[in-house]
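Here's the structure, in structure tokens; my notes come after.
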Amino acid sequence: MIVLPWPPSVNRYWRTFRGRMLISADGRVYRQQAVAAATGGAKFGAAKVCVAIEAWVPDNRRRDVDNLLKAPLDALCHAGIYDDDSQIVELSIKRAGLDRSNPRLEITVVPE
């Protein structure tokens with residue numbers, strides 16, 4: 001299992017600069033933290049994988065769990081856990097509970 005920090009919102013992850021969508025400063029910091037957290041995890045190369053995410057939310061605000069996916073999946077790719085997001089053949093996410101002191105994503109990646 002890989003434990004990643006709580007990701008920035010989709011609105012804070014991306015920025016438009018001169019007509020191009022780029023990862024924001026918050027997004028780059030998150031990516032660095034996530035890559036560091038994923039270091040030492042199993043590497044799957046070009047193999048097809050299944051990814052399961054348990055989201056431990058920081059508060060009781062309403063939020064769409066599907067908006068949590070982009071930043072951590074890209075970070076896992078950047079960390080070399082798998083070569084490309086297109087290798088994911090099964091993806092699940094669930095709200096696991098509330099953890100105000102340690103909001104996080106617990107991610108399990110296994111071969112298909």
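By convention here, the chains of the structure tokens are called A, B, ... in the order presented, each chain's residues are numbered starting at 1, and ligands are numbered starting at 1 in the order presented.
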
Residue list (helix (DSSP H, G or I), DSSP) for chain A, as a PyMOL selection string: chain A and resi 10-13+25-38+65-68+70-78+85-87

Selected residues written out with N, CA and C atoms, as a short mmCIF file (atom, residue, chain, number, x, y, z; two decimals), in the first residue's frame:
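File again_10.cif, as written:
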data_model
loop_
_atom_site.label_atom_id
_atom_site.label_comp_id
_atom_site.auth_asym_id
_atom_site.auth_seq_id
_atom_site.Cartn_x
_atom_site.Cartn_y
_atom_site.Cartn_z
N VAL A 10 -8.94 20.04 -7.70
CA VAL A 10 -8.71 20.13 -9.14
C VAL A 10 -8.49 21.59 -9.55
N ASN A 11 -9.24 22.50 -8.93
CA ASN A 11 -9.10 23.92 -9.25
C ASN A 11 -7.76 24.50 -8.83
N ARG A 12 -7.13 23.93 -7.81
CA ARG A 12 -5.81 24.40 -7.38
C ARG A 12 -4.68 23.62 -8.05
N TYR A 13 -4.95 22.50 -8.64
CA TYR A 13 -3.92 21.67 -9.26
C TYR A 13 -3.50 22.22 -10.62
N ALA A 25 1.79 25.68 -8.88
CA ALA A 25 2.82 25.54 -7.85
C ALA A 25 2.35 24.56 -6.77
N ASP A 26 1.08 24.66 -6.35
CA ASP A 26 0.53 23.70 -5.38
C ASP A 26 0.58 22.28 -5.92
N GLY A 27 0.28 22.14 -7.20
CA GLY A 27 0.31 20.83 -7.84
C GLY A 27 1.71 20.25 -7.89
N ARG A 28 2.69 21.09 -8.16
CA ARG A 28 4.08 20.62 -8.21
C ARG A 28 4.58 20.20 -6.83
N VAL A 29 4.19 20.95 -5.81
CA VAL A 29 4.56 20.58 -4.43
C VAL A 29 3.92 19.24 -4.08
N TYR A 30 2.64 19.08 -4.42
CA TYR A 30 1.97 17.81 -4.14
C TYR A 30 2.67 16.66 -4.86
N ARG A 31 3.01 16.87 -6.12
CA ARG A 31 3.66 15.82 -6.88
C ARG A 31 4.98 15.40 -6.22
N GLN A 32 5.76 16.37 -5.75
CA GLN A 32 7.02 16.05 -5.07
C GLN A 32 6.77 15.24 -3.80
N GLN A 33 5.77 15.65 -3.01
CA GLN A 33 5.43 14.92 -1.79
C GLN A 33 4.97 13.50 -2.12
N ALA A 34 4.15 13.36 -3.15
CA ALA A 34 3.62 12.06 -3.52
C ALA A 34 4.71 11.14 -4.06
N VAL A 35 5.61 11.69 -4.86
CA VAL A 35 6.72 10.88 -5.38
C VAL A 35 7.59 10.40 -4.23
N ALA A 36 7.87 11.27 -3.28
CA ALA A 36 8.66 10.87 -2.11
C ALA A 36 7.95 9.77 -1.32
N ALA A 37 6.63 9.88 -1.17
CA ALA A 37 5.86 8.88 -0.43
C ALA A 37 5.81 7.54 -1.16
N ALA A 38 5.84 7.57 -2.49
CA ALA A 38 5.74 6.35 -3.29
C ALA A 38 7.09 5.67 -3.52
N VAL A 65 -15.70 12.45 -4.83
CA VAL A 65 -14.48 11.64 -4.74
C VAL A 65 -13.81 11.48 -6.11
N ASP A 66 -14.56 11.57 -7.20
CA ASP A 66 -13.94 11.42 -8.52
C ASP A 66 -12.98 12.57 -8.83
N ASN A 67 -13.13 13.72 -8.16
CA ASN A 67 -12.21 14.83 -8.38
C ASN A 67 -10.86 14.62 -7.71
N LEU A 68 -10.74 13.58 -6.91
CA LEU A 68 -9.47 13.29 -6.23
C LEU A 68 -8.50 12.48 -7.08
N LYS A 70 -7.06 12.60 -10.40
CA LYS A 70 -6.04 13.04 -11.37
C LYS A 70 -4.66 13.24 -10.74
N ALA A 71 -4.58 14.02 -9.69
CA ALA A 71 -3.27 14.34 -9.09
C ALA A 71 -2.53 13.10 -8.58
N PRO A 72 -3.17 12.23 -7.78
CA PRO A 72 -2.42 11.07 -7.29
C PRO A 72 -2.06 10.07 -8.39
N LEU A 73 -2.95 9.87 -9.37
CA LEU A 73 -2.63 8.91 -10.43
C LEU A 73 -1.46 9.42 -11.28
N ASP A 74 -1.44 10.71 -11.56
CA ASP A 74 -0.31 11.29 -12.30
C ASP A 74 0.97 11.21 -11.47
N ALA A 75 0.86 11.42 -10.17
CA ALA A 75 2.04 11.36 -9.30
C ALA A 75 2.61 9.94 -9.26
N LEU A 76 1.75 8.94 -9.22
CA LEU A 76 2.24 7.55 -9.22
C LEU A 76 2.97 7.23 -10.51
N CYS A 77 2.46 7.74 -11.61
CA CYS A 77 3.12 7.56 -12.90
C CYS A 77 4.48 8.26 -12.87
N HIS A 78 4.49 9.49 -12.38
CA HIS A 78 5.73 10.27 -12.30
C HIS A 78 6.76 9.58 -11.38
N ASP A 85 -0.85 6.16 -17.29
CA ASP A 85 -2.20 5.97 -16.75
C ASP A 85 -3.05 5.03 -17.60
N SER A 86 -2.74 4.91 -18.87
CA SER A 86 -3.53 4.06 -19.76
C SER A 86 -3.42 2.58 -19.39
N GLN A 87 -2.47 2.22 -18.55
CA GLN A 87 -2.30 0.83 -18.11
C GLN A 87 -3.33 0.43 -17.06
#

Hey, what does DSSP flag as strand (DSSP E or B) within chain A? Can you give it to me as an MDAnalysis selection string? chainID A and resid 2:5 14:17 20:23 49:57 88:98 104:111

Give me the residues near A:Arg104 as a PyMOL selection string, where near means some atom within 10 Å (using only C-alpha atoms) and where sequence neighbours in that chain fewer than 4 positions away do not count. chain A and resi 3-7+53-58+96+98-100

Please produce a file of those selected residues containing C-alpha atoms, as a PDB file, in the first residue's frame.
ATOM      1  CA  VAL A   3      -0.004   6.348   1.417  1.00  0.00           C
ATOM      2  CA  LEU A   4      -0.159   9.728  -0.300  1.00  0.00           C
ATOM      3  CA  PRO A   5      -0.963  13.088   1.245  1.00  0.00           C
ATOM      4  CA  TRP A   6      -4.341  14.694   0.627  1.00  0.00           C
ATOM      5  CA  PRO A   7      -4.241  16.211  -2.882  1.00  0.00           C
ATOM      6  CA  ILE A  53      -7.961   4.157  -3.417  1.00  0.00           C
ATOM      7  CA  GLU A  54      -9.308   4.728   0.086  1.00  0.00           C
ATOM      8  CA  ALA A  55      -9.779   8.435   0.788  1.00  0.00           C
ATOM      9  CA  TRP A  56      -9.506   9.608   4.388  1.00  0.00           C
ATOM     10  CA  VAL A  57     -11.089  13.062   4.165  1.00  0.00           C
ATOM     11  CA  PRO A  58      -9.924  16.102   6.189  1.00  0.00           C
ATOM     12  CA  ALA A  96     -12.950   5.504   3.902  1.00  0.00           C
ATOM     13  CA  LEU A  98     -12.793  11.176   8.419  1.00  0.00           C
ATOM     14  CA  ASP A  99      -9.283  11.863   9.715  1.00  0.00           C
ATOM     15  CA  ARG A 100      -8.818  15.550  10.523  1.00  0.00           C
TER      16      ARG A 100
END

May I have the residues within 8 Å of A:Pro111 as an NGL selection string, using only C-alpha atoms and disregarding those fewer than 5 positions away in the same chain? :A and (44 or 47-50)

Could those residues be written to a file, using C-alpha atoms, as an mmCIF file, in the first residue's frame?
data_model
loop_
_atom_site.group_PDB
_atom_site.id
_atom_site.type_symbol
_atom_site.label_atom_id
_atom_site.label_comp_id
_atom_site.auth_asym_id
_atom_site.auth_seq_id
_atom_site.Cartn_x
_atom_site.Cartn_y
_atom_site.Cartn_z
ATOM 1 C CA PHE A 44 4.935 -2.453 -12.606
ATOM 2 C CA ALA A 47 2.040 -4.122 -17.124
ATOM 3 C CA LYS A 48 -1.691 -3.582 -16.794
ATOM 4 C CA VAL A 49 -2.668 -2.682 -13.232
ATOM 5 C CA CYS A 50 -5.660 -2.372 -10.919
#

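A straight line drawn from atom CA of A:Val110 to atom CA of A:Val51 is 6.7 Å long.
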
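Of the listed residues A:Asp64, A:Glu112, A:Pro8, A:Arg18, the one whose atoms come nearest to A:Ile88 is A:Glu112, with distances taken using only C-alpha atoms.
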
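With distances taken over only C-alpha atoms, A:Ser9 is the one residue among A:Ile2, A:Ser9, A:Arg95, A:Leu105 lying closest to A:Ile23.
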